[in-house]
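Undergrad: As input, take final.csv (CSV, N, CA and C atoms):
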chain,number,residue,atom,x,y,z
A,1123,ILE,N,34.0,15.6,5.0
A,1123,ILE,CA,33.1,14.8,5.9
A,1123,ILE,C,32.0,15.7,6.3
A,1124,PHE,N,32.2,17.0,6.5
A,1124,PHE,CA,31.1,17.9,6.9
A,1124,PHE,C,30.0,17.9,5.8
A,1125,TYR,N,30.5,18.0,4.5
A,1125,TYR,CA,29.5,18.0,3.4
A,1125,TYR,C,28.7,16.7,3.4
A,1126,LEU,N,29.3,15.6,3.7
A,1126,LEU,CA,28.7,14.3,3.7
A,1126,LEU,C,27.6,14.3,4.7
A,1127,ASN,N,27.9,14.8,5.9
A,1127,ASN,CA,26.9,14.9,7.0
A,1127,ASN,C,25.7,15.8,6.5
A,1128,ILE,N,25.9,16.9,5.9
A,1128,ILE,CA,24.8,17.7,5.4
A,1128,ILE,C,24.0,17.0,4.4
A,1129,VAL,N,24.6,16.3,3.5
A,1129,VAL,CA,23.8,15.5,2.5
A,1129,VAL,C,23.0,14.4,3.1
A,1130,LEU,N,23.6,13.6,4.0
A,1130,LEU,CA,23.0,12.5,4.6
A,1130,LEU,C,21.8,12.9,5.5
A,1131,PHE,N,22.0,14.0,6.2
A,1131,PHE,CA,21.0,14.3,7.2
A,1131,PHE,C,20.1,15.5,6.8
A,1132,LYS,N,20.1,15.8,5.5
A,1132,LYS,CA,19.4,16.9,5.0
A,1132,LYS,C,17.9,16.7,5.1
A,1133,HIS,N,17.5,15.4,4.9
A,1133,HIS,CA,16.0,15.1,4.9
A,1133,HIS,C,15.6,14.5,6.2
A,1134,MET,N,16.3,14.7,7.3
A,1134,MET,CA,15.9,14.0,8.6
A,1134,MET,C,14.6,14.6,9.1
A,1135,HIS,N,14.3,15.8,8.7
A,1135,HIS,CA,13.0,16.4,9.2
A,1135,HIS,C,11.8,15.6,8.6
A,1136,ASP,N,12.0,14.8,7.6
A,1136,ASP,CA,10.9,14.0,7.0
A,1136,ASP,C,10.5,12.8,7.9
A,1137,PHE,N,11.3,12.5,8.9
A,1137,PHE,CA,11.0,11.3,9.8
A,1137,PHE,C,10.2,11.8,11.0
A,1138,THR,N,9.1,12.3,10.8
A,1138,THR,CA,8.2,12.6,11.9
A,1138,THR,C,7.3,11.4,12.2
A,1139,ASN,N,6.6,11.5,13.3
A,1139,ASN,CA,5.7,10.4,13.7
A,1139,ASN,C,4.6,10.2,12.6
A,1140,THR,N,4.1,11.3,12.1
A,1140,THR,CA,3.1,11.2,11.0
A,1140,THR,C,3.6,10.5,9.8
A,1141,ASN,N,4.8,10.9,9.4
A,1141,ASN,CA,5.3,10.2,8.2
A,1141,ASN,C,5.6,8.7,8.4
A,1142,ILE,N,6.1,8.4,9.6
A,1142,ILE,CA,6.3,7.0,10.0
A,1142,ILE,C,5.0,6.2,9.9
A,1143,LEU,N,3.9,6.8,10.4
A,1143,LEU,CA,2.6,6.1,10.4
A,1143,LEU,C,2.1,5.9,9.0
A,1144,ILE,N,2.3,6.9,8.1
A,1144,ILE,CA,1.9,6.8,6.7
A,1144,ILE,C,2.7,5.7,6.0
A,1145,GLN,N,4.0,5.6,6.3
A,1145,GLN,CA,4.8,4.5,5.7
A,1145,GLN,C,4.4,3.2,6.3
A,1146,LEU,N,4.0,3.1,7.5
A,1146,LEU,CA,3.5,1.9,8.1
A,1146,LEU,C,2.3,1.4,7.4
A,1147,VAL,N,1.4,2.3,7.1
A,1147,VAL,CA,0.2,1.9,6.3
A,1147,VAL,C,0.6,1.3,5.0
A,1148,GLY,N,1.6,1.9,4.3
A,1148,GLY,CA,2.1,1.3,3.1
A,1148,GLY,C,2.7,0.0,3.2
A,1149,PHE,N,3.5,-0.2,4.3
A,1149,PHE,CA,4.1,-1.5,4.6
A,1149,PHE,C,3.1,-2.6,4.8
A,1150,ILE,N,2.0,-2.3,5.6
A,1150,ILE,CA,0.9,-3.2,5.8
A,1150,ILE,C,0.3,-3.6,4.5
A,1151,ALA,N,0.0,-2.6,3.7
A,1151,ALA,CA,-0.5,-2.9,2.3
A,1151,ALA,C,0.4,-3.8,1.5
A,1152,LEU,N,1.7,-3.6,1.6
A,1152,LEU,CA,2.6,-4.4,0.9
A,1152,LEU,C,2.5,-5.9,1.5
A,1153,CYS,N,2.4,-6.0,2.8
A,1153,CYS,CA,2.2,-7.4,3.4
A,1153,CYS,C,1.0,-8.1,2.8
A,1154,PHE,N,-0.1,-7.3,2.7
A,1154,PHE,CA,-1.3,-7.9,2.1
A,1154,PHE,C,-1.1,-8.3,0.7
A,1155,MET,N,-0.4,-7.5,-0.1
A,1155,MET,CA,-0.1,-7.8,-1.5
A,1155,MET,C,0.7,-9.1,-1.6
A,1156,VAL,N,1.7,-9.2,-0.7
A,1156,VAL,CA,2.5,-10.5,-0.7
A,1156,VAL,C,1.7,-11.7,-0.3
A,1157,ALA,N,0.7,-11.5,0.6
A,1157,ALA,CA,-0.2,-12.5,1.0
A,1157,ALA,C,-1.1,-13.0,-0.1
A,1158,VAL,N,-1.4,-12.1,-1.1
A,1158,VAL,CA,-2.2,-12.5,-2.2
A,1158,VAL,C,-1.7,-13.7,-2.9
A,1159,PHE,N,-0.3,-13.8,-3.0
A,1159,PHE,CA,0.3,-14.9,-3.7
A,1159,PHE,C,0.3,-16.2,-2.9
A,1160,GLN,N,-0.1,-16.1,-1.6
A,1160,GLN,CA,-0.2,-17.3,-0.8
A,1160,GLN,C,-1.6,-17.9,-0.7
A,1161,ALA,N,-2.5,-17.2,-1.3
A,1161,ALA,CA,-3.9,-17.6,-1.2
A,1161,ALA,C,-4.2,-18.9,-2.1
A,1162,ASN,N,-4.9,-19.8,-1.5
A,1162,ASN,CA,-5.3,-21.0,-2.2
A,1162,ASN,C,-6.6,-20.9,-3.0
A,1163,LYS,N,-7.4,-20.1,-2.6
A,1163,LYS,CA,-8.8,-20.0,-3.2
A,1163,LYS,C,-8.9,-18.6,-3.8
A,1164,ARG,N,-9.7,-18.5,-4.8
A,1164,ARG,CA,-10.0,-17.2,-5.5
A,1164,ARG,C,-10.5,-16.2,-4.6
A,1165,LYS,N,-11.5,-16.6,-3.8
A,1165,LYS,CA,-12.1,-15.6,-2.9
A,1165,LYS,C,-11.1,-15.0,-1.9
A,1166,GLN,N,-10.2,-15.8,-1.3
A,1166,GLN,CA,-9.2,-15.3,-0.4
A,1166,GLN,C,-8.3,-14.4,-1.2
A,1167,LEU,N,-7.9,-14.7,-2.4
A,1167,LEU,CA,-7.0,-13.9,-3.2
A,1167,LEU,C,-7.7,-12.5,-3.4
A,1168,LEU,N,-8.9,-12.5,-3.8
A,1168,LEU,CA,-9.6,-11.2,-4.2
A,1168,LEU,C,-9.8,-10.4,-2.9
A,1169,ILE,N,-10.1,-11.0,-1.8
A,1169,ILE,CA,-10.3,-10.2,-0.5
A,1169,ILE,C,-9.0,-9.6,-0.1
A,1170,ARG,N,-7.9,-10.3,-0.2
A,1170,ARG,CA,-6.6,-9.7,0.1
A,1170,ARG,C,-6.2,-8.6,-0.9
A,1171,GLN,N,-6.6,-8.8,-2.1
A,1171,GLN,CA,-6.2,-7.8,-3.1
A,1171,GLN,C,-7.0,-6.5,-2.9
A,1172,VAL,N,-8.3,-6.7,-2.6
A,1172,VAL,CA,-9.1,-5.5,-2.3
A,1172,VAL,C,-8.5,-4.8,-1.0
A,1173,THR,N,-8.2,-5.5,0.0
A,1173,THR,CA,-7.7,-4.9,1.2
A,1173,THR,C,-6.3,-4.2,0.9
A,1174,ALA,N,-5.5,-4.8,0.2
A,1174,ALA,CA,-4.2,-4.2,-0.2
A,1174,ALA,C,-4.4,-2.9,-1.0
A,1175,ALA,N,-5.3,-3.0,-1.9
A,1175,ALA,CA,-5.6,-1.8,-2.8
A,1175,ALA,C,-6.1,-0.6,-2.0
A,1176,LEU,N,-7.0,-0.9,-1.0
A,1176,LEU,CA,-7.6,0.1,-0.2
A,1176,LEU,C,-6.6,0.7,0.7
A,1177,LEU,N,-5.7,-0.1,1.3
A,1177,LEU,CA,-4.6,0.4,2.1
A,1177,LEU,C,-3.6,1.2,1.4
A,1178,PHE,N,-3.3,0.8,0.1
A,1178,PHE,CA,-2.4,1.6,-0.7
A,1178,PHE,C,-3.1,2.9,-1.1
A,1179,ALA,N,-4.4,2.9,-1.3
A,1179,ALA,CA,-5.1,4.1,-1.6
A,1179,ALA,C,-5.0,5.1,-0.4
A,1180,LEU,N,-5.2,4.6,0.8
A,1180,LEU,CA,-5.1,5.4,2.0
A,1180,LEU,C,-3.7,5.9,2.1
A,1181,HIS,N,-2.7,5.1,1.9
A,1181,HIS,CA,-1.3,5.5,1.9
A,1181,HIS,C,-1.0,6.6,1.0
A,1182,PHE,N,-1.5,6.5,-0.3
A,1182,PHE,CA,-1.2,7.6,-1.2
A,1182,PHE,C,-2.0,8.8,-0.9
A,1183,MET,N,-3.2,8.7,-0.4
A,1183,MET,CA,-4.0,9.9,0.0
A,1183,MET,C,-3.3,10.6,1.1
A,1184,LEU,N,-2.8,9.9,2.1
A,1184,LEU,CA,-2.1,10.6,3.2
A,1184,LEU,C,-0.8,11.2,2.7
A,1185,LEU,N,-0.2,10.7,1.7
A,1185,LEU,CA,1.0,11.3,1.1
A,1185,LEU,C,0.7,12.5,0.2
A,1186,GLY,N,-0.6,12.6,-0.2
A,1186,GLY,CA,-1.0,13.7,-1.0
A,1186,GLY,C,-0.8,13.3,-2.5
A,1187,ALA,N,-0.7,12.1,-2.8
A,1187,ALA,CA,-0.6,11.6,-4.2
A,1187,ALA,C,-1.9,11.1,-4.7
A,1188,ALA,N,-2.7,12.1,-5.2
A,1188,ALA,CA,-4.1,11.8,-5.6
A,1188,ALA,C,-4.2,10.7,-6.7
A,1189,THR,N,-3.3,10.8,-7.7
A,1189,THR,CA,-3.3,9.9,-8.8
A,1189,THR,C,-3.1,8.4,-8.3
A,1190,GLY,N,-2.1,8.2,-7.5
A,1190,GLY,CA,-1.9,6.9,-6.9
A,1190,GLY,C,-3.1,6.4,-6.1
A,1191,ALA,N,-3.7,7.3,-5.4
A,1191,ALA,CA,-4.9,6.9,-4.6
A,1191,ALA,C,-6.0,6.5,-5.5
A,1192,VAL,N,-6.3,7.3,-6.6
A,1192,VAL,CA,-7.4,7.0,-7.5
A,1192,VAL,C,-7.1,5.6,-8.2
A,1193,MET,N,-5.9,5.4,-8.7
A,1193,MET,CA,-5.6,4.2,-9.4
A,1193,MET,C,-5.8,3.0,-8.5
A,1194,ASN,N,-5.5,3.1,-7.2
A,1194,ASN,CA,-5.7,1.9,-6.3
A,1194,ASN,C,-7.2,1.8,-6.0
A,1195,LEU,N,-7.9,2.9,-5.9
A,1195,LEU,CA,-9.4,2.7,-5.7
A,1195,LEU,C,-10.0,2.0,-6.9
A,1196,ILE,N,-9.6,2.4,-8.1
A,1196,ILE,CA,-10.1,1.7,-9.3
A,1196,ILE,C,-9.7,0.2,-9.3
A,1197,GLY,N,-8.5,-0.1,-8.9
A,1197,GLY,CA,-8.1,-1.5,-8.7
A,1197,GLY,C,-8.9,-2.3,-7.7
A,1198,ALA,N,-9.2,-1.6,-6.6
A,1198,ALA,CA,-10.0,-2.2,-5.5
A,1198,ALA,C,-11.5,-2.4,-6.0
A,1199,ALA,N,-12.0,-1.5,-6.7
A,1199,ALA,CA,-13.4,-1.6,-7.3
A,1199,ALA,C,-13.4,-2.8,-8.2
A,1200,ARG,N,-12.4,-2.9,-9.1
A,1200,ARG,CA,-12.3,-4.0,-10.0
A,1200,ARG,C,-12.3,-5.4,-9.3
A,1201,SER,N,-11.4,-5.5,-8.3
A,1201,SER,CA,-11.3,-6.8,-7.6
A,1201,SER,C,-12.6,-7.1,-6.8
A,1202,TYR,N,-13.2,-6.0,-6.2
A,1202,TYR,CA,-14.5,-6.2,-5.5
A,1202,TYR,C,-15.6,-6.7,-6.5
A,1203,THR,N,-15.6,-6.1,-7.7
A,1203,THR,CA,-16.6,-6.5,-8.6
A,1203,THR,C,-16.4,-8.0,-9.0
A,1204,PHE,N,-15.2,-8.4,-9.3
A,1204,PHE,CA,-14.9,-9.8,-9.6
A,1204,PHE,C,-15.3,-10.7,-8.4
A,1205,LEU,N,-15.1,-10.2,-7.2
A,1205,LEU,CA,-15.4,-11.0,-6.0
A,1205,LEU,C,-16.9,-11.2,-5.9
A,1206,LYS,N,-17.7,-10.2,-6.2
A,1206,LYS,CA,-19.2,-10.2,-6.1
A,1206,LYS,C,-19.8,-11.0,-7.3
A,1207,LEU,N,-19.1,-11.0,-8.4
A,1207,LEU,CA,-19.6,-11.7,-9.6
A,1207,LEU,C,-19.2,-13.1,-9.7
A,1208,ASP,N,-18.4,-13.6,-8.7
A,1208,ASP,CA,-17.8,-14.9,-8.8
A,1208,ASP,C,-19.0,-15.9,-8.7
A,1209,LYS,N,-19.1,-16.8,-9.6
A,1209,LYS,CA,-20.1,-17.8,-9.6
A,1209,LYS,C,-19.9,-19.0,-8.7
A,1210,ASN,N,-18.6,-19.2,-8.3
A,1210,ASN,CA,-18.2,-20.3,-7.4
A,1210,ASN,C,-17.8,-19.8,-6.1
A,1211,PRO,N,-18.7,-19.6,-5.2
A,1211,PRO,CA,-18.3,-19.0,-3.9
A,1211,PRO,C,-17.4,-19.8,-3.1
I need this file expressed as structure tokens, please.

TA:
Amino acid sequence: IFYLNIVLFKHMHDFTNTNILIQLVGFIALCFMVAVFQANKRKQLLIRQVTAALLFALHFMLLGAATGAVMNLIGAARSYTFLKLDKNP
């Protein structure tokens, strides 16, 4: 039982206020990504997708994961470009 307690609570120092806020940003981004599938119009879909990608980029930057942040910034730029080039507003 003692060993189980050591294993279970080994990473408890990771639950700081900063880490909780970073995970909250990721959760909000996830909520926006789920909302993408609820959009009825293309413009709404793209706006939610840009917002989710930017929030995920922030989430990954705060975690120190540069590759994840850059990939989400590229996705946000792509969706923003499609939003601006849309011929049917």

Undergrad: Separation of atom N of Ile1169 (chain A) and CA of Lys1206 (chain A), in Å?

TA: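 Atom-to-atom, atom N of Ile1169 (chain A) and CA of Lys1206 (chain A) are spaced 10.1 Å apart.
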
Undergrad: Have a look at A:Gln1145, A:Gln1166, A:Thr1138, A:Gln1160 and name the one nearest to Leu1205 (chain A); count only C-alpha atoms.

TA: A:Gln1166

Undergrad: Mind pulling up the distance from atom C of Phe1178 (chain A) to atom N of Gly1190 (chain A)?

TA: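 Straight-line distance from atom N of Gly1190 (chain A) to atom C of Phe1178 (chain A) works out to 8.4 Å.
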
Undergrad: For atom N of Ala1179 (chain A) and CA of Asn1194 (chain A), quote the distance in Å rounded to one decimal.

TA: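 Separation between atom N of Ala1179 (chain A) and CA of Asn1194 (chain A): 5.3 Å.
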
Undergrad: Write out as number ranges by chain the set of residues from region 1124-1210 of chain A that DSSP, computed on the backbone, places in helix (DSSP H, G or I).

TA: A: 1124-1130, 1134-1136, 1139-1158, 1164-1185, 1188-1206

Undergrad: Hey, can you pull every residue with an atom no more than 8 Å from (2.7, 9.0, 3.9), using all atoms listed in the file, and send it as a PyMOL selection string?

TA: chain A and resi 1140-1148+1180-1186
